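Here is final25.txt, consisting of compact mmCIF, C-alpha atoms:
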```txt
# COMPACT_ATOMS: atom_id res chain seq x y z
CA MET Y 1 72.64 114.75 117.88
CA LYS Y 2 74.00 112.24 120.38
CA LEU Y 3 70.53 110.72 120.74
CA VAL Y 4 70.30 110.26 116.96
CA LYS Y 5 73.62 108.39 116.88
CA GLN Y 6 72.54 106.14 119.75
CA ALA Y 7 69.23 105.41 118.03
CA GLY Y 8 71.12 104.58 114.82
CA VAL Y 9 73.40 102.14 116.62
CA ILE Y 10 70.44 100.47 118.31
CA LEU Y 11 68.61 100.20 114.98
CA VAL Y 12 71.60 98.59 113.27
CA ALA Y 13 72.02 96.16 116.17
CA LEU Y 14 68.34 95.17 115.91
CA VAL Y 15 68.54 94.67 112.15
CA VAL Y 16 71.62 92.47 112.51
CA THR Y 17 70.01 90.49 115.33
CA PHE Y 18 66.69 89.82 113.61
CA SER Y 19 67.92 89.52 110.01
CA TRP Y 20 68.54 85.80 110.47
CA ASN Y 21 64.76 85.32 110.63
CA LEU Y 22 64.10 86.97 107.27
CA THR Y 23 63.19 84.71 104.35
CA GLY Y 24 66.13 85.95 102.28
CA PHE Y 25 68.53 84.59 104.90
CA ALA Y 26 66.59 81.39 105.56
CA SER Y 27 68.50 79.23 103.10
CA GLU Y 28 72.17 78.53 103.67
CA ASP Y 29 72.80 78.67 99.92
CA SER Y 30 71.05 81.96 99.20
CA LEU Y 31 73.19 84.75 97.81
CA SER Y 32 72.18 87.24 100.47
CA ALA Y 33 72.99 84.84 103.31
CA VAL Y 34 76.46 84.10 101.92
CA VAL Y 35 77.30 87.76 101.39
CA PHE Y 36 75.89 88.79 104.78
CA LYS Y 37 77.76 86.10 106.71
CA ASP Y 38 81.01 86.85 104.90
CA SER Y 39 80.73 90.58 105.49
CA MET Y 40 79.96 90.06 109.18
CA SER Y 41 82.97 87.79 109.64
CA GLY Y 42 85.15 90.23 107.70
CA GLY Y 43 83.97 93.14 109.82
CA THR Y 44 84.74 91.21 112.97
CA ALA Y 45 88.19 90.23 111.74
CA GLY Y 46 88.93 93.78 110.56
CA GLY Y 47 87.88 95.17 113.92
CA LEU Y 48 90.07 92.70 115.78
CA VAL Y 49 93.10 93.39 113.60
CA SER Y 50 92.69 97.15 113.94
CA ALA Y 51 92.31 96.75 117.74
CA ALA Y 52 95.56 94.78 117.83
CA VAL Y 53 97.34 97.45 115.80
CA LEU Y 54 95.79 100.14 117.98
CA ALA Y 55 97.28 98.52 121.07
CA LEU Y 56 100.76 99.06 119.62
CA THR Y 57 100.37 102.82 119.02
CA LYS Y 58 101.10 105.74 121.28
CA LYS Y 59 97.96 107.25 122.84
CA PRO Y 60 95.48 104.65 121.58
CA GLY Y 61 92.58 106.49 123.20
CA GLN Y 62 92.92 109.30 120.66
CA GLN Y 63 92.76 107.00 117.63
CA LEU Y 64 89.64 104.94 118.28
CA GLU Y 65 88.12 105.83 114.91
CA HIS Y 66 90.62 103.45 113.33
CA LEU Y 67 88.61 100.59 114.81
CA ALA Y 68 85.65 101.63 112.68
CA TYR Y 69 87.85 101.96 109.60
CA GLY Y 70 89.26 98.46 110.12
CA ALA Y 71 85.84 96.93 110.67
CA ALA Y 72 84.37 98.69 107.64
CA GLY Y 73 87.30 97.71 105.45
CA GLY Y 74 87.08 94.09 106.56
CA ALA Y 75 83.33 94.00 105.97
CA ALA Y 76 83.68 95.51 102.51
CA ALA Y 77 86.53 93.23 101.48
CA ASP Y 78 84.97 90.02 102.78
CA GLY Y 79 81.54 91.03 101.49
CA GLY Y 80 83.07 91.46 98.04
CA TYR Y 81 84.68 88.06 98.35
CA GLY Y 82 81.34 86.55 99.40
CA LEU Y 83 79.65 88.17 96.41
CA PHE Y 84 82.36 86.76 94.13
CA LYS Y 85 82.07 83.31 95.72
CA ALA Y 86 78.28 83.17 95.50
CA GLN Y 87 77.92 84.10 91.83
CA THR Y 88 77.10 81.34 89.39
CA SER Y 89 75.33 81.96 86.11
CA LEU Y 90 72.69 84.27 84.68
CA PHE Y 91 70.07 81.50 84.44
CA ALA Y 92 70.24 78.44 86.69
CA ILE Y 93 67.78 75.63 86.05
CA THR Y 94 67.16 73.31 89.00
CA GLY Y 95 64.29 70.90 88.57
CA ASP Y 96 61.22 72.90 87.63
CA THR Y 97 62.52 76.29 88.75
CA VAL Y 98 64.60 78.85 86.89
CA ASN Y 99 66.69 81.22 89.01
CA ILE Y 100 67.96 84.50 87.59
CA ASP Y 101 71.15 85.80 89.18
CA VAL Y 102 74.08 88.06 88.42
CA PRO Y 103 76.62 86.04 86.40
CA LEU Y 104 80.23 85.65 87.46
CA ILE Y 105 82.44 87.62 85.08
CA MET Y 106 85.95 86.21 84.73
CA PRO Y 107 88.65 88.11 82.84
CA ASP Y 108 91.42 86.06 81.23
CA ILE Y 109 94.66 87.30 79.66
CA GLN Y 110 96.13 85.28 76.81
CA GLU Y 111 99.49 85.93 75.20
CA THR Y 112 99.45 85.61 71.43
CA GLY Y 113 103.16 85.79 70.72
CA THR Y 114 104.51 88.77 68.78
CA ARG Y 115 101.09 90.34 68.28
CA GLY Y 116 100.60 91.20 71.96
CA THR Y 117 98.06 90.05 74.50
CA ASN Y 118 94.34 89.53 74.36
CA VAL Y 119 91.97 90.13 77.25
CA ILE Y 120 89.01 87.77 77.16
CA ILE Y 121 85.99 88.33 79.39
CA MET Y 122 83.83 85.29 80.05
CA ALA Y 123 80.48 84.92 81.81
CA GLU Y 124 78.46 81.79 82.43
CA LEU Y 125 74.99 82.37 81.04
CA LEU Y 126 73.20 79.06 81.63
CA SER Y 127 73.72 76.26 84.11
CA GLY Y 128 71.66 73.28 85.08
CA LYS Y 129 71.26 69.54 84.83
CA PHE Y 130 69.69 68.37 81.58
```
structure tokens encoding of this file:
Amino acid sequence: MKLVKQAGVILVALVVTFSWNLTGFASEDSLSAVVFKDSMSGGTAGGLVSAAVLALTKKPGQQLEHLAYGAAGGAAADGGYGLFKAQTSLFAITGDTVNIDVPLIMPDIQETGTRGTNVIIMAELLSGKF
């Protein structure tokens, strides 16, 4: 079982190392590159923060799994932020190409006086230069 865990760690390290050469990560503006870079920086920051908190606890050697929880939480949170930041519209027209992507969904709350509040959900469906 220990050999399987070591092989898994080596496999993840190789994927992270060589993923910069994949075509999906080639462009700086691609959605996958933005989300991947944000999740990696969030995982690093989460690991560092959890290591700093771990240094302040009694018997830090018995609580090393909290490093993994901090790194995973940071990667998930910053990856979600990167996904939110990278979203644009359902159809984006640039020159002669049409890109299909997941649209950014923005909720908005509007107060209507005595009748209550309305929740409006908006999504950009088409963007481009015409």
Just checking: using all atoms listed in the file, which residue out of Y:Gly47, Y:Gly42, Y:Gly8, Y:Gly61 ends up closest to Y:Ala77?
Y:Gly42
Which of Y:Ala75, Y:Ala51, Y:Ile100, Y:Ala33 sits closest to Y:Gln63 [using all atoms listed in the file]:
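Of Y:Ala75, Y:Ala51, Y:Ile100, Y:Ala33, the one nearest Y:Gln63 is Y:Ala51, counting all atoms listed in the file.
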Atomic distance atom CA of Y:Val53 - atom CA of Y:Ala71, expressed in Å with one decimal
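Interatomic distance, atom CA of Y:Val53 to atom CA of Y:Ala71: 12.6 Å.
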For the atom pair atom CA of Y:Asp38 and atom CA of Y:Tyr81, what is the interatomic distance in Å to one decimal place?
7.6 Å
In Å, how far is it from atom CA of Y:Thr94 to atom CA of Y:Glu124?
15.6 Å
Using all atoms listed in the file, which protein or nucleic acid residues come within 9 Å of stretch 104-113 of chain Y? Drop anything in the same chain fewer than 4 positions from it, and give the result as a list in words.
Phe84, Lys85, Ala86, Gln87, Thr88, Ser89, Leu90, Thr117, Asn118, Val119, Ile120, Ile121, Met122, Ala123, Glu124 and Leu125 of chain Y
With all atoms listed in the file as the counted atoms, please give the residues lying no more than 10 Å from Y:Met40, apart from itself and same-chain residues fewer than 2 positions off, as number ranges by chain.
Y: 16, 35-38, 42-46, 71-72, 74-76, 78-79
Surrounding residues of Y:Phe91 excluding itself and chain neighbours under 5 positions, 8 Å, all atoms listed in the file, as number ranges by chain:
Y: 98-101, 125-127
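Residue nearest Y:Pro103 within the list Y:Val34, Y:Leu83, Y:Val12, Y:Leu54: Y:Leu83 [criterion: smallest interatomic distance, only C-alpha atoms].
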